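Novice: The structure file coords.cif (mmCIF, N, CA and C atoms) is provided below.
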data_start
loop_
_atom_site.label_atom_id
_atom_site.label_comp_id
_atom_site.auth_asym_id
_atom_site.auth_seq_id
_atom_site.Cartn_x
_atom_site.Cartn_y
_atom_site.Cartn_z
N MET A 1 -35.60 11.44 -63.69
CA MET A 1 -34.86 11.98 -62.56
C MET A 1 -33.73 11.03 -62.15
N ARG A 2 -34.03 9.75 -62.18
CA ARG A 2 -33.03 8.74 -61.81
C ARG A 2 -31.84 8.81 -62.76
N ARG A 3 -32.08 9.03 -64.04
CA ARG A 3 -31.02 9.10 -65.04
C ARG A 3 -30.12 10.31 -64.78
N ILE A 4 -30.69 11.43 -64.40
CA ILE A 4 -29.91 12.64 -64.11
C ILE A 4 -29.01 12.40 -62.90
N GLN A 5 -29.55 11.74 -61.87
CA GLN A 5 -28.75 11.43 -60.68
C GLN A 5 -27.59 10.50 -61.04
N THR A 6 -27.84 9.50 -61.87
CA THR A 6 -26.81 8.56 -62.28
C THR A 6 -25.71 9.28 -63.06
N ILE A 7 -26.11 10.17 -63.97
CA ILE A 7 -25.13 10.93 -64.75
C ILE A 7 -24.32 11.84 -63.84
N ALA A 8 -24.97 12.50 -62.89
CA ALA A 8 -24.28 13.41 -61.97
C ALA A 8 -23.27 12.64 -61.12
N ILE A 9 -23.68 11.47 -60.62
CA ILE A 9 -22.77 10.66 -59.81
C ILE A 9 -21.59 10.18 -60.65
N ALA A 10 -21.85 9.74 -61.87
CA ALA A 10 -20.78 9.29 -62.76
C ALA A 10 -19.82 10.43 -63.06
N ALA A 11 -20.34 11.64 -63.28
CA ALA A 11 -19.49 12.80 -63.55
C ALA A 11 -18.63 13.13 -62.34
N MET A 12 -19.21 13.07 -61.13
CA MET A 12 -18.43 13.36 -59.92
C MET A 12 -17.34 12.32 -59.72
N LEU A 13 -17.65 11.06 -59.97
CA LEU A 13 -16.64 10.01 -59.83
C LEU A 13 -15.52 10.19 -60.84
N ALA A 14 -15.85 10.57 -62.05
CA ALA A 14 -14.83 10.79 -63.08
C ALA A 14 -13.93 11.96 -62.71
N ILE A 15 -14.52 13.04 -62.24
CA ILE A 15 -13.73 14.21 -61.83
C ILE A 15 -12.85 13.84 -60.64
N SER A 16 -13.41 13.12 -59.68
CA SER A 16 -12.66 12.70 -58.51
C SER A 16 -11.47 11.83 -58.91
N ALA A 17 -11.67 10.93 -59.86
CA ALA A 17 -10.57 10.06 -60.32
C ALA A 17 -9.48 10.86 -61.00
N MET A 18 -9.89 11.87 -61.78
CA MET A 18 -8.90 12.70 -62.47
C MET A 18 -8.10 13.53 -61.48
N LEU A 19 -8.75 14.03 -60.44
CA LEU A 19 -8.07 14.87 -59.46
C LEU A 19 -7.32 14.06 -58.43
N GLY A 20 -7.56 12.77 -58.38
CA GLY A 20 -6.92 11.93 -57.38
C GLY A 20 -5.42 12.01 -57.42
N GLY A 21 -4.83 12.15 -58.59
CA GLY A 21 -3.38 12.24 -58.71
C GLY A 21 -2.86 13.64 -58.53
N CYS A 22 -3.74 14.63 -58.58
CA CYS A 22 -3.32 16.02 -58.43
C CYS A 22 -2.96 16.28 -56.98
N GLY A 23 -1.98 17.10 -56.77
CA GLY A 23 -1.61 17.48 -55.43
C GLY A 23 -0.71 16.48 -54.73
N ASP A 24 -0.39 15.37 -55.37
CA ASP A 24 0.50 14.40 -54.76
C ASP A 24 1.93 14.77 -55.13
N ASN A 25 2.59 15.46 -54.21
CA ASN A 25 3.95 15.92 -54.45
C ASN A 25 4.95 15.11 -53.65
N THR A 26 4.63 13.85 -53.36
CA THR A 26 5.56 13.03 -52.60
C THR A 26 6.65 12.48 -53.52
N ALA A 27 7.70 11.99 -52.90
CA ALA A 27 8.83 11.45 -53.65
C ALA A 27 8.39 10.20 -54.43
N PRO A 28 8.84 10.08 -55.68
CA PRO A 28 8.47 8.91 -56.48
C PRO A 28 9.25 7.67 -56.02
N SER A 29 8.83 6.53 -56.51
CA SER A 29 9.49 5.28 -56.21
C SER A 29 10.97 5.36 -56.59
N GLY A 30 11.83 4.88 -55.72
CA GLY A 30 13.26 4.88 -55.98
C GLY A 30 13.97 6.15 -55.52
N ALA A 31 13.22 7.15 -55.06
CA ALA A 31 13.83 8.40 -54.59
C ALA A 31 14.54 8.16 -53.26
N THR A 32 15.49 9.03 -52.94
CA THR A 32 16.20 8.95 -51.67
C THR A 32 16.13 10.29 -50.95
N ILE A 33 16.19 10.21 -49.64
CA ILE A 33 16.24 11.40 -48.80
C ILE A 33 17.48 11.29 -47.94
N THR A 34 18.18 12.40 -47.78
CA THR A 34 19.31 12.44 -46.85
C THR A 34 19.13 13.64 -45.93
N ILE A 35 19.72 13.53 -44.74
CA ILE A 35 19.73 14.64 -43.78
C ILE A 35 21.19 14.93 -43.47
N SER A 36 21.54 16.20 -43.54
CA SER A 36 22.92 16.60 -43.26
C SER A 36 22.91 17.69 -42.19
N PRO A 37 23.67 17.50 -41.13
CA PRO A 37 24.53 16.36 -40.85
C PRO A 37 23.69 15.16 -40.41
N PRO A 38 24.23 13.94 -40.59
CA PRO A 38 23.49 12.72 -40.22
C PRO A 38 23.44 12.47 -38.72
N SER A 39 24.26 13.17 -37.96
CA SER A 39 24.24 13.07 -36.50
C SER A 39 24.87 14.32 -35.92
N ASP A 40 24.57 14.55 -34.64
CA ASP A 40 25.14 15.72 -33.96
C ASP A 40 25.03 15.48 -32.46
N SER A 41 25.86 16.17 -31.71
CA SER A 41 25.75 16.08 -30.25
C SER A 41 26.12 17.43 -29.64
N ILE A 42 25.52 17.67 -28.50
CA ILE A 42 25.81 18.87 -27.71
C ILE A 42 26.23 18.40 -26.33
N GLU A 43 27.38 18.86 -25.88
CA GLU A 43 27.83 18.54 -24.53
C GLU A 43 27.82 19.82 -23.73
N ASP A 44 27.08 19.80 -22.61
CA ASP A 44 26.96 21.00 -21.78
C ASP A 44 26.81 20.56 -20.33
N ALA A 45 27.86 20.73 -19.55
CA ALA A 45 27.84 20.33 -18.14
C ALA A 45 27.47 21.48 -17.21
N SER A 46 27.10 22.62 -17.79
CA SER A 46 26.76 23.77 -16.93
C SER A 46 25.52 23.48 -16.10
N LEU A 47 25.41 24.17 -14.98
CA LEU A 47 24.28 23.96 -14.07
C LEU A 47 23.02 24.69 -14.53
N THR A 48 23.19 25.65 -15.41
CA THR A 48 22.06 26.44 -15.88
C THR A 48 21.63 25.97 -17.26
N ALA A 49 20.34 25.73 -17.41
CA ALA A 49 19.83 25.32 -18.73
C ALA A 49 19.79 26.51 -19.67
N SER A 50 20.11 26.25 -20.92
CA SER A 50 20.01 27.26 -21.97
C SER A 50 19.60 26.53 -23.24
N SER A 51 19.50 27.26 -24.32
CA SER A 51 19.13 26.62 -25.58
C SER A 51 19.98 27.17 -26.71
N SER A 52 20.12 26.37 -27.73
CA SER A 52 20.81 26.80 -28.94
C SER A 52 20.17 26.09 -30.12
N SER A 53 20.46 26.58 -31.31
CA SER A 53 19.85 25.99 -32.49
C SER A 53 20.90 25.41 -33.42
N LYS A 54 20.45 24.47 -34.23
CA LYS A 54 21.30 23.81 -35.22
C LYS A 54 20.45 23.55 -36.45
N ASP A 55 21.01 23.86 -37.63
CA ASP A 55 20.30 23.63 -38.89
C ASP A 55 20.63 22.26 -39.45
N PHE A 56 19.59 21.60 -39.99
CA PHE A 56 19.73 20.32 -40.66
C PHE A 56 19.11 20.46 -42.04
N THR A 57 19.84 20.03 -43.07
CA THR A 57 19.36 20.15 -44.44
C THR A 57 18.89 18.80 -44.95
N ILE A 58 17.65 18.79 -45.44
CA ILE A 58 17.02 17.60 -45.99
C ILE A 58 17.10 17.71 -47.51
N THR A 59 17.60 16.67 -48.16
CA THR A 59 17.75 16.65 -49.62
C THR A 59 16.99 15.47 -50.20
N VAL A 60 16.26 15.74 -51.28
CA VAL A 60 15.53 14.67 -51.97
C VAL A 60 16.09 14.53 -53.38
N LYS A 61 16.43 13.28 -53.74
CA LYS A 61 16.93 12.98 -55.09
C LYS A 61 16.10 11.86 -55.70
N ASN A 62 15.93 11.92 -57.01
CA ASN A 62 15.19 10.84 -57.68
C ASN A 62 16.10 9.62 -57.85
N LYS A 63 15.58 8.56 -58.46
CA LYS A 63 16.35 7.31 -58.59
C LYS A 63 17.62 7.48 -59.41
N ASP A 64 17.69 8.55 -60.24
CA ASP A 64 18.89 8.82 -61.03
C ASP A 64 19.87 9.74 -60.32
N GLY A 65 19.54 10.13 -59.07
CA GLY A 65 20.43 10.99 -58.29
C GLY A 65 20.25 12.47 -58.56
N LEU A 66 19.20 12.84 -59.28
CA LEU A 66 18.95 14.26 -59.57
C LEU A 66 18.12 14.89 -58.46
N LEU A 67 18.46 16.11 -58.08
CA LEU A 67 17.74 16.83 -57.04
C LEU A 67 16.30 17.07 -57.47
N MET A 68 15.38 16.94 -56.52
CA MET A 68 13.95 17.10 -56.81
C MET A 68 13.37 18.27 -56.05
N ASN A 69 12.85 19.27 -56.77
CA ASN A 69 12.19 20.38 -56.12
C ASN A 69 10.70 20.11 -55.98
N ASN A 70 10.04 20.90 -55.13
CA ASN A 70 8.59 20.83 -54.90
C ASN A 70 8.12 19.45 -54.43
N VAL A 71 8.92 18.79 -53.61
CA VAL A 71 8.54 17.50 -53.03
C VAL A 71 8.12 17.73 -51.58
N ASP A 72 6.94 17.20 -51.21
CA ASP A 72 6.47 17.31 -49.84
C ASP A 72 7.18 16.28 -48.96
N VAL A 73 7.68 16.76 -47.82
CA VAL A 73 8.41 15.92 -46.88
C VAL A 73 7.83 16.16 -45.48
N VAL A 74 7.56 15.08 -44.76
CA VAL A 74 7.07 15.18 -43.39
C VAL A 74 8.27 15.09 -42.46
N ILE A 75 8.40 16.07 -41.57
CA ILE A 75 9.52 16.13 -40.63
C ILE A 75 9.00 15.98 -39.21
N SER A 76 9.70 15.18 -38.41
CA SER A 76 9.36 15.05 -36.99
C SER A 76 10.61 14.71 -36.20
N ALA A 77 10.57 15.03 -34.92
CA ALA A 77 11.65 14.68 -33.99
C ALA A 77 11.09 13.63 -33.05
N ARG A 78 11.56 12.38 -33.19
CA ARG A 78 11.02 11.26 -32.42
C ARG A 78 11.97 10.85 -31.31
N GLY A 79 11.39 10.52 -30.18
CA GLY A 79 12.20 10.03 -29.07
C GLY A 79 12.70 11.13 -28.17
N GLN A 80 12.36 12.36 -28.49
CA GLN A 80 12.84 13.46 -27.65
C GLN A 80 11.88 13.67 -26.48
N GLN A 81 12.42 14.20 -25.39
CA GLN A 81 11.58 14.48 -24.24
C GLN A 81 10.77 15.74 -24.52
N TRP A 82 9.52 15.69 -24.12
CA TRP A 82 8.58 16.78 -24.40
C TRP A 82 9.14 18.14 -23.99
N GLY A 83 9.12 19.08 -24.92
CA GLY A 83 9.49 20.45 -24.62
C GLY A 83 10.97 20.77 -24.71
N LEU A 84 11.83 19.78 -24.93
CA LEU A 84 13.26 20.05 -24.98
C LEU A 84 13.75 20.37 -26.39
N VAL A 85 12.96 20.00 -27.40
CA VAL A 85 13.34 20.22 -28.80
C VAL A 85 12.16 20.85 -29.53
N GLN A 86 12.45 21.88 -30.32
CA GLN A 86 11.41 22.52 -31.11
C GLN A 86 11.87 22.66 -32.55
N LEU A 87 11.02 22.24 -33.50
CA LEU A 87 11.32 22.45 -34.92
C LEU A 87 11.00 23.89 -35.28
N MET A 88 11.86 24.48 -36.12
CA MET A 88 11.67 25.87 -36.55
C MET A 88 12.08 26.01 -38.01
N THR A 89 11.61 27.07 -38.64
CA THR A 89 12.13 27.42 -39.96
C THR A 89 13.46 28.13 -39.74
N THR A 90 14.21 28.35 -40.80
CA THR A 90 15.47 29.09 -40.65
C THR A 90 15.20 30.56 -40.33
N GLY A 91 13.95 30.99 -40.47
CA GLY A 91 13.55 32.34 -40.07
C GLY A 91 13.04 32.38 -38.63
N ASN A 92 13.26 31.28 -37.88
CA ASN A 92 12.90 31.15 -36.47
C ASN A 92 11.40 31.16 -36.20
N VAL A 93 10.62 30.65 -37.14
CA VAL A 93 9.19 30.47 -36.93
C VAL A 93 8.97 29.06 -36.39
N LEU A 94 8.29 28.94 -35.26
CA LEU A 94 8.04 27.62 -34.66
C LEU A 94 7.12 26.80 -35.54
N LEU A 95 7.41 25.50 -35.63
CA LEU A 95 6.61 24.57 -36.43
C LEU A 95 5.99 23.53 -35.51
N SER A 96 4.75 23.15 -35.78
CA SER A 96 4.10 22.07 -35.03
C SER A 96 4.50 20.74 -35.65
N GLU A 97 4.64 19.74 -34.81
CA GLU A 97 5.08 18.42 -35.26
C GLU A 97 3.94 17.45 -35.39
N PRO A 98 3.96 16.54 -36.34
CA PRO A 98 4.85 16.54 -37.50
C PRO A 98 4.45 17.65 -38.45
N VAL A 99 5.40 18.10 -39.24
CA VAL A 99 5.14 19.20 -40.17
C VAL A 99 5.47 18.76 -41.58
N THR A 100 4.64 19.15 -42.53
CA THR A 100 4.92 18.88 -43.94
C THR A 100 5.52 20.13 -44.56
N VAL A 101 6.69 19.96 -45.16
CA VAL A 101 7.40 21.06 -45.82
C VAL A 101 7.62 20.67 -47.28
N THR A 102 8.07 21.62 -48.08
CA THR A 102 8.30 21.36 -49.50
C THR A 102 9.71 21.75 -49.87
N THR A 103 10.40 20.87 -50.61
CA THR A 103 11.77 21.18 -51.03
C THR A 103 11.77 22.38 -51.98
N ASP A 104 12.86 23.14 -51.94
CA ASP A 104 12.97 24.33 -52.77
C ASP A 104 13.54 23.99 -54.15
N ASP A 105 13.93 25.01 -54.89
CA ASP A 105 14.45 24.82 -56.25
C ASP A 105 15.74 24.00 -56.29
N THR A 106 16.42 23.90 -55.15
CA THR A 106 17.66 23.12 -55.11
C THR A 106 17.42 21.70 -54.59
N GLY A 107 16.14 21.33 -54.39
CA GLY A 107 15.83 19.99 -53.90
C GLY A 107 16.07 19.81 -52.42
N THR A 108 16.14 20.92 -51.68
CA THR A 108 16.43 20.84 -50.25
C THR A 108 15.42 21.63 -49.42
N TYR A 109 15.40 21.32 -48.14
CA TYR A 109 14.68 22.12 -47.15
C TYR A 109 15.55 22.10 -45.90
N THR A 110 15.77 23.26 -45.32
CA THR A 110 16.57 23.35 -44.10
C THR A 110 15.65 23.62 -42.93
N VAL A 111 15.72 22.74 -41.94
CA VAL A 111 14.94 22.89 -40.71
C VAL A 111 15.91 23.23 -39.58
N ARG A 112 15.46 24.08 -38.70
CA ARG A 112 16.28 24.47 -37.54
C ARG A 112 15.70 23.78 -36.31
N LEU A 113 16.58 23.20 -35.49
CA LEU A 113 16.18 22.58 -34.23
C LEU A 113 16.64 23.47 -33.09
N LEU A 114 15.72 23.85 -32.24
CA LEU A 114 16.04 24.58 -31.03
C LEU A 114 16.06 23.56 -29.90
N MET A 115 17.22 23.42 -29.25
CA MET A 115 17.38 22.36 -28.25
C MET A 115 17.83 22.93 -26.91
N VAL A 116 17.20 22.44 -25.84
CA VAL A 116 17.59 22.80 -24.49
C VAL A 116 18.77 21.93 -24.09
N HIS A 117 19.77 22.54 -23.44
CA HIS A 117 20.94 21.80 -22.96
C HIS A 117 21.42 22.43 -21.67
N GLY A 118 22.31 21.72 -20.97
CA GLY A 118 22.78 22.22 -19.67
C GLY A 118 21.71 21.99 -18.61
N GLY A 119 22.00 22.37 -17.40
CA GLY A 119 21.03 22.22 -16.32
C GLY A 119 20.66 20.78 -16.05
N GLY A 120 21.53 19.85 -16.44
CA GLY A 120 21.27 18.44 -16.23
C GLY A 120 20.48 17.77 -17.35
N ALA A 121 20.16 18.50 -18.40
CA ALA A 121 19.41 17.92 -19.52
C ALA A 121 20.28 16.92 -20.27
N LYS A 122 19.77 15.70 -20.39
CA LYS A 122 20.45 14.65 -21.15
C LYS A 122 19.38 13.86 -21.88
N TYR A 123 19.49 13.80 -23.19
CA TYR A 123 18.50 13.07 -23.99
C TYR A 123 19.05 12.80 -25.38
N LYS A 124 18.39 11.89 -26.06
CA LYS A 124 18.77 11.50 -27.42
C LYS A 124 17.50 11.36 -28.23
N PHE A 125 17.52 11.79 -29.48
CA PHE A 125 16.34 11.68 -30.33
C PHE A 125 16.75 11.60 -31.78
N ASP A 126 15.78 11.27 -32.63
CA ASP A 126 16.00 11.18 -34.07
C ASP A 126 15.15 12.21 -34.79
N LEU A 127 15.76 12.90 -35.72
CA LEU A 127 15.06 13.78 -36.63
C LEU A 127 14.72 12.94 -37.85
N TRP A 128 13.45 12.85 -38.21
CA TRP A 128 13.01 12.03 -39.33
C TRP A 128 12.47 12.89 -40.45
N ALA A 129 12.76 12.48 -41.68
CA ALA A 129 12.21 13.11 -42.89
C ALA A 129 11.67 11.99 -43.75
N THR A 130 10.39 12.08 -44.13
CA THR A 130 9.73 11.02 -44.88
C THR A 130 8.90 11.60 -46.01
N SER A 131 8.96 10.95 -47.17
CA SER A 131 8.11 11.30 -48.30
C SER A 131 7.80 10.01 -49.05
N ALA A 132 6.54 9.60 -49.03
CA ALA A 132 6.12 8.32 -49.62
C ALA A 132 6.97 7.21 -49.00
N SER A 133 7.66 6.41 -49.80
CA SER A 133 8.44 5.29 -49.24
C SER A 133 9.89 5.69 -48.93
N ALA A 134 10.27 6.91 -49.22
CA ALA A 134 11.64 7.36 -48.93
C ALA A 134 11.70 8.00 -47.54
N SER A 135 12.76 7.70 -46.79
CA SER A 135 12.91 8.32 -45.48
C SER A 135 14.38 8.34 -45.08
N ALA A 136 14.67 9.21 -44.12
CA ALA A 136 16.02 9.32 -43.57
C ALA A 136 15.89 9.81 -42.14
N SER A 137 16.94 9.57 -41.36
CA SER A 137 16.94 10.07 -39.99
C SER A 137 18.34 10.54 -39.61
N ALA A 138 18.37 11.45 -38.67
CA ALA A 138 19.62 11.94 -38.09
C ALA A 138 19.47 11.80 -36.59
N THR A 139 20.51 11.31 -35.92
CA THR A 139 20.46 11.13 -34.47
C THR A 139 21.17 12.29 -33.80
N ILE A 140 20.50 12.87 -32.80
CA ILE A 140 21.04 14.00 -32.06
C ILE A 140 21.04 13.63 -30.58
N GLU A 141 22.15 13.92 -29.91
CA GLU A 141 22.26 13.61 -28.49
C GLU A 141 22.71 14.83 -27.73
N VAL A 142 22.05 15.07 -26.60
CA VAL A 142 22.44 16.14 -25.69
C VAL A 142 22.97 15.46 -24.45
N LYS A 143 24.24 15.78 -24.12
CA LYS A 143 24.91 15.12 -22.99
C LYS A 143 25.16 16.10 -21.86
#
Could you express the structure from this file as structure tokens?
Specialist:
Amino acid sequence: MRRIQTIAIAAMLAISAMLGGCGDNTAPSGATITISPPSDSIEDASLTASSSSKDFTITVKNKDGLLMNNVDVVISARGQQWGLVQLMTTGNVLLSEPVTVTTDDTGTYTVRLLMVHGGGAKYKFDLWATSASASASATIEVK
């Protein structure tokens, strides 16, 4: 009985080791991430608060500068005041932060930011995109 348990444990460990690399779709060493545009600002002196959206495109390239599809990227908006910024898909589906997305066939993912402005709202935050050791940020300011 002891021998069967040992063989079963060894088999599970072997399978676990083989699957350990599966599902890791993060950017490889030397990859770069960019966010376009790298910065943006909204100026709104109106007394009434409103909201508008802006798209930001995240691009992942390997160390040779080639676009990489099917790469998992974690996106978050850091430094923003609670409730003033919401991450969305380009189809206007709200995303919870931080969110993991996957680059498409062109090596990109476009995230939409819904931002409150006017009504005295003034804040600054960074949109971050990270995959393994590669990361990028874009600074957005509402004045």
Novice: Determine which residues of chain A receive a DSSP assignment of alpha helix (DSSP H), computed from the backbone, and state them as a ChimeraX atom specification.
Specialist: /A:2-19
Novice: Applied to the shown file, which residues does the PyMOL selection byres ((chain A and resi 75) around 6) return, written as a VMD selection string?
Specialist: chain A and resid 73 to 74 76 to 77 98 to 101 128 to 130
Novice: May I ask for the distance between atom C of A:Asp104 and atom N of A:Thr90, given in Å to one decimal place?
Specialist: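 Atom-to-atom, atom C of A:Asp104 and atom N of A:Thr90 are spaced 14.1 Å apart.
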Novice: Which residues come within 12 Å of A:Gly65, counting only C-alpha atoms, excluding same-chain residues fewer than 3 positions away, as a list in words?
Specialist: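 With the cut-off at 12 Å, the set is Gly30, Ala31, Thr32, Ile33, Thr34, Thr59, Val60, Lys61, Asn62, Met68 and Gly107 of chain A.
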Novice: Could you check the closest approach to A:Phe125 for each of A:Ala45, A:Val85, A:Ile58, A:Ala138 and tell me which residue wins, using all atoms listed in the file?
Specialist: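 That would be A:Ala138, the residue with the smallest distance to A:Phe125.
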Novice: Here is a test: counting only N, CA and C atoms, which residue of A:Asp40, A:Thr26, A:Tyr109, A:Thr103 is nearest to A:Glu141?
Specialist: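 For A:Glu141, the nearest of the given residues is A:Asp40.
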Novice: Pick out the residues sitting within 7 Å of A:Thr110, and hand them over as a PyMOL selection string; count all atoms listed in the file, and ignore anything fewer than 3 positions along from it in its own chain.
Specialist: chain A and resi 55-58+88-90
Novice: Could you write out that same residue set with N, CA and C atoms as a tab-separated table (two decimals), keeping the file's coordinate frame?
Specialist:
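Resulting contents of result.tsv:
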chain	number	residue	atom	x	y	z
A	55	ASP	N	21.01	23.86	-37.63
A	55	ASP	CA	20.30	23.63	-38.89
A	55	ASP	C	20.63	22.26	-39.45
A	56	PHE	N	19.59	21.60	-39.99
A	56	PHE	CA	19.73	20.32	-40.66
A	56	PHE	C	19.11	20.46	-42.04
A	57	THR	N	19.84	20.03	-43.07
A	57	THR	CA	19.36	20.15	-44.44
A	57	THR	C	18.89	18.80	-44.95
A	58	ILE	N	17.65	18.79	-45.44
A	58	ILE	CA	17.02	17.60	-45.99
A	58	ILE	C	17.10	17.71	-47.51
A	88	MET	N	11.86	24.48	-36.12
A	88	MET	CA	11.67	25.87	-36.55
A	88	MET	C	12.08	26.01	-38.01
A	89	THR	N	11.61	27.07	-38.64
A	89	THR	CA	12.13	27.42	-39.96
A	89	THR	C	13.46	28.13	-39.74
A	90	THR	N	14.21	28.35	-40.80
A	90	THR	CA	15.47	29.09	-40.65
A	90	THR	C	15.20	30.56	-40.33
Novice: What's around A:Ser50 at 7 Å? Count only N, CA and C atoms, leave out sequence neighbours fewer than 3 positions away in its own chain, and write the answer as a list in words.
Specialist: Met115, Val116, His117, Gly118 and Gly119 of chain A
Novice: Write out the residues from the selection above, keeping N, CA and C atoms, as a PDB file, keeping the file's coordinate frame.
Specialist:
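So selection_33.pdb came out as:
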ATOM      1  N   MET A 115      17.220  23.420 -29.250  1.00  0.00           N
ATOM      2  CA  MET A 115      17.380  22.360 -28.250  1.00  0.00           C
ATOM      3  C   MET A 115      17.830  22.930 -26.910  1.00  0.00           C
ATOM      4  N   VAL A 116      17.200  22.440 -25.840  1.00  0.00           N
ATOM      5  CA  VAL A 116      17.590  22.800 -24.490  1.00  0.00           C
ATOM      6  C   VAL A 116      18.770  21.930 -24.090  1.00  0.00           C
ATOM      7  N   HIS A 117      19.770  22.540 -23.440  1.00  0.00           N
ATOM      8  CA  HIS A 117      20.940  21.800 -22.960  1.00  0.00           C
ATOM      9  C   HIS A 117      21.420  22.430 -21.670  1.00  0.00           C
ATOM     10  N   GLY A 118      22.310  21.720 -20.970  1.00  0.00           N
ATOM     11  CA  GLY A 118      22.780  22.220 -19.670  1.00  0.00           C
ATOM     12  C   GLY A 118      21.710  21.990 -18.610  1.00  0.00           C
ATOM     13  N   GLY A 119      22.000  22.370 -17.400  1.00  0.00           N
ATOM     14  CA  GLY A 119      21.030  22.220 -16.320  1.00  0.00           C
ATOM     15  C   GLY A 119      20.660  20.780 -16.050  1.00  0.00           C
TER      16      GLY A 119
END
Novice: Identify all residues of chain A in strand (DSSP E or B) (DSSP on the backbone) and supply them as an MDAnalysis selection string.
Specialist: chainID A and resid 32:36 39:42 50:61 67 72:78 85:88 94 99:102 108:118 121 123:131 134:142
Novice: Please indicate the distance in Å from atom C of A:Ser135 to atom CA of A:Ile35, rounded to one decimal place.
Specialist: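 Atom C of A:Ser135 sits 8.4 Å away from atom CA of A:Ile35.
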Novice: Could you give me, as a list of chain:residue names, the residues that sit within 6 Å of (9.6, 15.0, -57.8) in the file's coordinates, counting all atoms listed in the file?
Specialist: A:Thr26, A:Ala27, A:Pro28, A:Met68, A:Asn69, A:Asn70, A:Val71
Novice: What is the atom N of A:Ser46-atom N of A:Arg112 distance in Å, reported with one decimal?
Specialist: 24.0 Å
Novice: Determine the nearest neighbour of A:Thr108 from the options A:Ser36, A:Gly120, A:Lys63, A:Ala49, counting only C-alpha atoms.
Specialist: A:Ser36
Novice: Take every atom of stretch 104-109 of chain A listed in the file, fit an axis-aligned box around them, add 6 Å per side, and give the centre and edge lengths in Å to one decimal as JSON.
Specialist:
{"center_x": 15.3, "center_y": 22.4, "center_z": -51.1, "size_x": 16.8, "size_y": 17.2, "size_z": 22.4}
Novice: Tell me which of A:Pro38, A:Asn25, A:Leu114, A:Asp64 sits closest to A:Ser51, counting all atoms listed in the file.
Specialist: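 Smallest distance to A:Ser51 is found for A:Leu114.
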